[in-house]
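Enquirer: Input structure: target37.pdb, which contains PDB, C-alpha atoms.
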```pdb
ATOM      1  CA  MET V 876      20.506  39.251  -3.040
ATOM      2  CA  ASN V 877      22.502  40.231  -6.102
ATOM      3  CA  ALA V 878      23.035  38.015  -9.120
ATOM      4  CA  MET V 879      26.595  37.079  -8.125
ATOM      5  CA  ASN V 880      25.489  35.865  -4.688
ATOM      6  CA  GLN V 881      22.671  33.885  -6.280
ATOM      7  CA  LEU V 882      25.097  32.271  -8.733
ATOM      8  CA  GLN V 883      27.517  31.359  -5.948
ATOM      9  CA  GLN V 884      24.690  29.893  -3.870
ATOM     10  CA  TYR V 885      23.467  27.852  -6.869
ATOM     11  CA  GLN V 886      26.968  26.571  -7.587
ATOM     12  CA  SER V 887      27.435  25.659  -3.940
ATOM     13  CA  VAL V 888      24.219  23.649  -3.868
ATOM     14  CA  ASN V 889      25.146  21.849  -7.088
ATOM     15  CA  ARG V 890      28.591  20.975  -5.740
ATOM     16  CA  GLU V 891      27.088  19.658  -2.536
ATOM     17  CA  THR V 892      24.592  17.480  -4.369
ATOM     18  CA  GLY V 893      27.140  16.245  -6.892
ATOM     19  CA  VAL V 894      24.994  17.186  -9.883
ATOM     20  CA  ILE V 895      27.649  19.197 -11.727
ATOM     21  CA  ASP V 896      30.092  16.303 -12.078
ATOM     22  CA  ALA V 897      27.576  13.484 -12.281
ATOM     23  CA  ASP V 898      27.510  11.327 -15.370
ATOM     24  CA  PRO V 899      24.195   9.856 -16.597
ATOM     25  CA  HIS V 900      24.613   6.645 -14.573
ATOM     26  CA  LYS V 901      25.310   8.634 -11.414
ATOM     27  CA  LEU V 902      22.312  10.893 -12.027
ATOM     28  CA  ILE V 903      20.025   7.860 -12.196
ATOM     29  CA  GLN V 904      21.561   6.542  -8.954
ATOM     30  CA  MET V 905      20.845   9.899  -7.344
ATOM     31  CA  LEU V 906      17.226   9.743  -8.534
ATOM     32  CA  TYR V 907      16.827   6.264  -7.035
ATOM     33  CA  ASP V 908      18.337   7.468  -3.746
ATOM     34  CA  GLY V 909      16.044  10.487  -3.687
ATOM     35  CA  LEU V 910      13.044   8.323  -4.508
ATOM     36  CA  ILE V 911      13.782   5.885  -1.674
ATOM     37  CA  GLU V 912      14.248   8.778   0.747
ATOM     38  CA  ARG V 913      10.942  10.409  -0.241
ATOM     39  CA  LEU V 914       9.089   7.107  -0.061
ATOM     40  CA  ALA V 915      10.428   6.427   3.429
ATOM     41  CA  THR V 916       9.370   9.920   4.476
ATOM     42  CA  ALA V 917       5.887   9.443   2.994
ATOM     43  CA  ARG V 918       5.596   6.127   4.831
ATOM     44  CA  GLY V 919       6.473   7.835   8.103
ATOM     45  CA  PHE V 920       3.839  10.496   7.516
ATOM     46  CA  ILE V 921       1.223   7.795   6.848
ATOM     47  CA  LEU V 922       2.091   6.129  10.152
ATOM     48  CA  ARG V 923       1.895   9.484  11.965
ATOM     49  CA  GLN V 924      -1.370  10.242  10.165
ATOM     50  CA  ASP V 925       0.009  13.493   8.740
ATOM     51  CA  PHE V 926      -1.881  13.083   5.501
ATOM     52  CA  GLU V 927      -1.069  16.481   4.024
ATOM     53  CA  ALA V 928       2.686  15.887   4.291
ATOM     54  CA  LYS V 929       2.223  12.282   3.099
ATOM     55  CA  ASN V 930       0.493  13.606  -0.001
ATOM     56  CA  VAL V 931       3.393  15.962  -0.756
ATOM     57  CA  PHE V 932       6.010  13.207  -0.504
ATOM     58  CA  ILE V 933       4.026  10.650  -2.462
ATOM     59  CA  ASN V 934       3.520  13.217  -5.217
ATOM     60  CA  LYS V 935       7.257  13.973  -5.219
ATOM     61  CA  SER V 936       7.928  10.233  -5.500
ATOM     62  CA  ILE V 937       5.565   9.946  -8.446
ATOM     63  CA  GLU V 938       7.332  12.878 -10.121
ATOM     64  CA  ILE V 939      10.676  11.086  -9.768
ATOM     65  CA  LEU V 940       9.188   7.914 -11.244
ATOM     66  CA  GLU V 941       7.844   9.944 -14.162
ATOM     67  CA  GLY V 942      11.324  11.396 -14.608
ATOM     68  CA  LEU V 943      12.872   7.938 -14.617
ATOM     69  CA  ARG V 944      10.325   6.839 -17.208
ATOM     70  CA  SER V 945      11.197   9.828 -19.386
ATOM     71  CA  PHE V 946      14.878   8.794 -19.391
ATOM     72  CA  LEU V 947      14.152   5.331 -20.768
ATOM     73  CA  ASN V 948      15.521   4.838 -24.274
ATOM     74  CA  HIS V 949      13.069   2.502 -25.942
ATOM     75  CA  ASP V 950      15.104   2.405 -29.180
ATOM     76  CA  GLN V 951      18.276   1.117 -27.532
ATOM     77  CA  GLY V 952      16.784  -0.431 -24.396
ATOM     78  CA  GLY V 953      14.449  -2.858 -26.124
ATOM     79  CA  GLU V 954      12.678  -5.291 -23.821
ATOM     80  CA  LEU V 955      14.475  -3.995 -20.726
ATOM     81  CA  ALA V 956      13.176  -0.461 -21.338
ATOM     82  CA  VAL V 957       9.648  -1.805 -21.844
ATOM     83  CA  ASN V 958       9.856  -3.854 -18.630
ATOM     84  CA  LEU V 959      11.176  -0.889 -16.627
ATOM     85  CA  ASP V 960       8.479   1.359 -18.070
ATOM     86  CA  ASN V 961       5.815  -1.147 -17.008
ATOM     87  CA  LEU V 962       7.380  -1.473 -13.556
ATOM     88  CA  TYR V 963       7.523   2.301 -13.086
ATOM     89  CA  GLN V 964       3.869   2.549 -14.147
ATOM     90  CA  TYR V 965       2.968  -0.165 -11.644
ATOM     91  CA  MET V 966       4.850   1.681  -8.892
ATOM     92  CA  GLU V 967       3.024   4.907  -9.752
ATOM     93  CA  LEU V 968      -0.320   3.103  -9.540
ATOM     94  CA  GLN V 969       0.640   1.596  -6.171
ATOM     95  CA  LEU V 970       1.571   5.064  -4.914
ATOM     96  CA  PHE V 971      -1.723   6.556  -6.125
ATOM     97  CA  ASN V 972      -3.495   3.775  -4.223
ATOM     98  CA  ALA V 973      -1.275   4.208  -1.155
ATOM     99  CA  ASN V 974      -2.084   7.901  -1.182
ATOM    100  CA  ALA V 975      -5.827   7.330  -1.510
ATOM    101  CA  ASP V 976      -5.920   4.552   1.104
ATOM    102  CA  ASN V 977      -3.173   5.823   3.445
ATOM    103  CA  ASP V 978      -1.583   2.402   3.027
ATOM    104  CA  ALA V 979       2.010   2.125   4.276
ATOM    105  CA  ASP V 980       2.235  -1.479   3.007
ATOM    106  CA  LYS V 981       1.874  -0.293  -0.590
ATOM    107  CA  VAL V 982       4.649   2.226  -0.025
ATOM    108  CA  ASP V 983       6.790  -0.581   1.442
ATOM    109  CA  GLU V 984       6.211  -2.648  -1.692
ATOM    110  CA  VAL V 985       7.354   0.235  -3.899
ATOM    111  CA  ILE V 986      10.426   0.817  -1.716
ATOM    112  CA  LYS V 987      11.397  -2.869  -2.124
ATOM    113  CA  LEU V 988      10.915  -2.685  -5.893
ATOM    114  CA  VAL V 989      12.965   0.501  -6.189
ATOM    115  CA  LYS V 990      15.755  -0.995  -4.068
ATOM    116  CA  THR V 991      15.838  -4.069  -6.316
ATOM    117  CA  VAL V 992      16.113  -1.955  -9.471
ATOM    118  CA  LYS V 993      18.674   0.326  -7.800
ATOM    119  CA  ASP V 994      20.810  -2.680  -6.798
ATOM    120  CA  GLY V 995      20.922  -3.737 -10.450
ATOM    121  CA  TRP V 996      21.742  -0.196 -11.527
ATOM    122  CA  ASP V 997      24.516   0.004  -8.928
ATOM    123  CA  GLU V 998      26.060  -3.175 -10.362
ATOM    124  CA  ILE V 999      25.954  -1.666 -13.847
ATOM    125  CA  ARG V1000      27.538   1.491 -12.429
ATOM    126  CA  ALA V1001      30.368  -0.535 -10.906
ATOM    127  CA  GLU V1002      31.076  -2.114 -14.309
ATOM    128  CA  VAL V1003      30.995   1.285 -16.071
ATOM    129  CA  VAL V1004      33.426   2.805 -13.579
ATOM    130  CA  LYS V1005      35.836  -0.155 -13.949
ATOM    131  CA  SER V1006      36.032   0.113 -17.731
TER     132      SER V1006
END
```
Here is the file; what I need is its structure written in the form of structure tokens.

Expert:
Amino acid sequence: MNAMNQLQQYQSVNRETGVIDADPHKLIQMLYDGLIERLATARGFILRQDFEAKNVFINKSIEILEGLRSFLNHDQGGELAVNLDNLYQYMELQLFNANADNDADKVDEVIKLVKTVKDGWDEIRAEVVKS
């Protein structure tokens, strides 16, 4: 494949995923959506006892959480940034344990926590878009 075809394919993928035009708030929403999707997939693999695939999706989920932690601005975010950092660390620990124990309940707990944080982020997003 020549360079032009590769560039067109890359641009097509970015357009389809919405990354090119996404603002920082939207990018975080997309990370939360991707995290929830990967967690649900990991949970399904635990229930089907496909432990190799479960491991892949839990590790991808942990990577997203690490990414979310890296975006926290502790200078401007203050106590909220500290609380989110602690929550993300807790979720990572739960996922490590879920992976080691093949425990779908721990994955469920993380999914609920992520959905709660995402709901708050979505409300912030709605306010940002209005203004």

Enquirer: With distances taken over all atoms listed in the file, which of V:Val957, V:Leu914, V:Gln951, V:Ala1001 is nearest to Gln969 (chain V)?

Expert: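 Closest residue, counting all atoms listed in the file: V:Leu914.
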
Enquirer: With all atoms listed in the file as the atoms that count, which of V:Leu959, V:Ile933, V:Ser945, V:Ala915 lies nearest to Lys993 (chain V)?

Expert: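 Using all atoms listed in the file, Lys993 (chain V) sits closest to V:Leu959.
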
Enquirer: Any idea what the distance is between CA of Ile911 (chain V) and CA of Val989 (chain V)?

Expert: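 Between CA of Ile911 (chain V) and CA of Val989 (chain V) the gap works out to 7.1 Å.
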
Enquirer: Which is closest to Val992 (chain V) among V:Phe946, V:Tyr963, V:Phe920, V:Phe926, if we use only C-alpha atoms?

Expert: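 For Val992 (chain V), the nearest of the candidates is V:Tyr963.
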
Enquirer: Identify all residues satisfying the PyMOL selection byres ((chain V and resi 910) around 10) in the given file; provide them as a ChimeraX atom specification.

Expert: /V:904-909,911-916,932-933,935-940,985-986,989-990

Enquirer: I'd like the interatomic distance between CA of Leu968 (chain V) and CA of Asp997 (chain V), to a tenth of an Å.

Expert: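 Computed distance, CA of Leu968 (chain V) to CA of Asp997 (chain V), equals 25.0 Å.
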
Enquirer: Please, what distance in Å, to one decimal, runs between CA of Glu967 (chain V) and CA of Val982 (chain V)?

Expert: 10.2 Å

Enquirer: Could you write out as a tab-separated table (two decimals) with C-alpha atoms, in the coordinates of the input the residues that the PyMOL selection byres ((chain V and resi 975) around 12) matches in the shown file?

Expert:
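Heads up, here's the output in part-v1.tsv:
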```
chain	number	residue	atom	x	y	z
V	921	ILE	CA	1.22	7.80	6.85
V	926	PHE	CA	-1.88	13.08	5.50
V	927	GLU	CA	-1.07	16.48	4.02
V	929	LYS	CA	2.22	12.28	3.10
V	930	ASN	CA	0.49	13.61	0.00
V	933	ILE	CA	4.03	10.65	-2.46
V	934	ASN	CA	3.52	13.22	-5.22
V	968	LEU	CA	-0.32	3.10	-9.54
V	969	GLN	CA	0.64	1.60	-6.17
V	970	LEU	CA	1.57	5.06	-4.91
V	971	PHE	CA	-1.72	6.56	-6.12
V	972	ASN	CA	-3.50	3.78	-4.22
V	973	ALA	CA	-1.27	4.21	-1.16
V	974	ASN	CA	-2.08	7.90	-1.18
V	976	ASP	CA	-5.92	4.55	1.10
V	977	ASN	CA	-3.17	5.82	3.44
V	978	ASP	CA	-1.58	2.40	3.03
V	979	ALA	CA	2.01	2.12	4.28
V	981	LYS	CA	1.87	-0.29	-0.59
V	982	VAL	CA	4.65	2.23	-0.02
```

Enquirer: For region 995-1000 of chain V, I'd like the enclosing box, axis-aligned and padded by 6 Å on every side, reported as JSON with centre and edge lengths in Å to one decimal.

Expert:
```
{"center_x": 24.2, "center_y": -1.1, "center_z": -11.4, "size_x": 18.6, "size_y": 17.2, "size_z": 16.9}
```
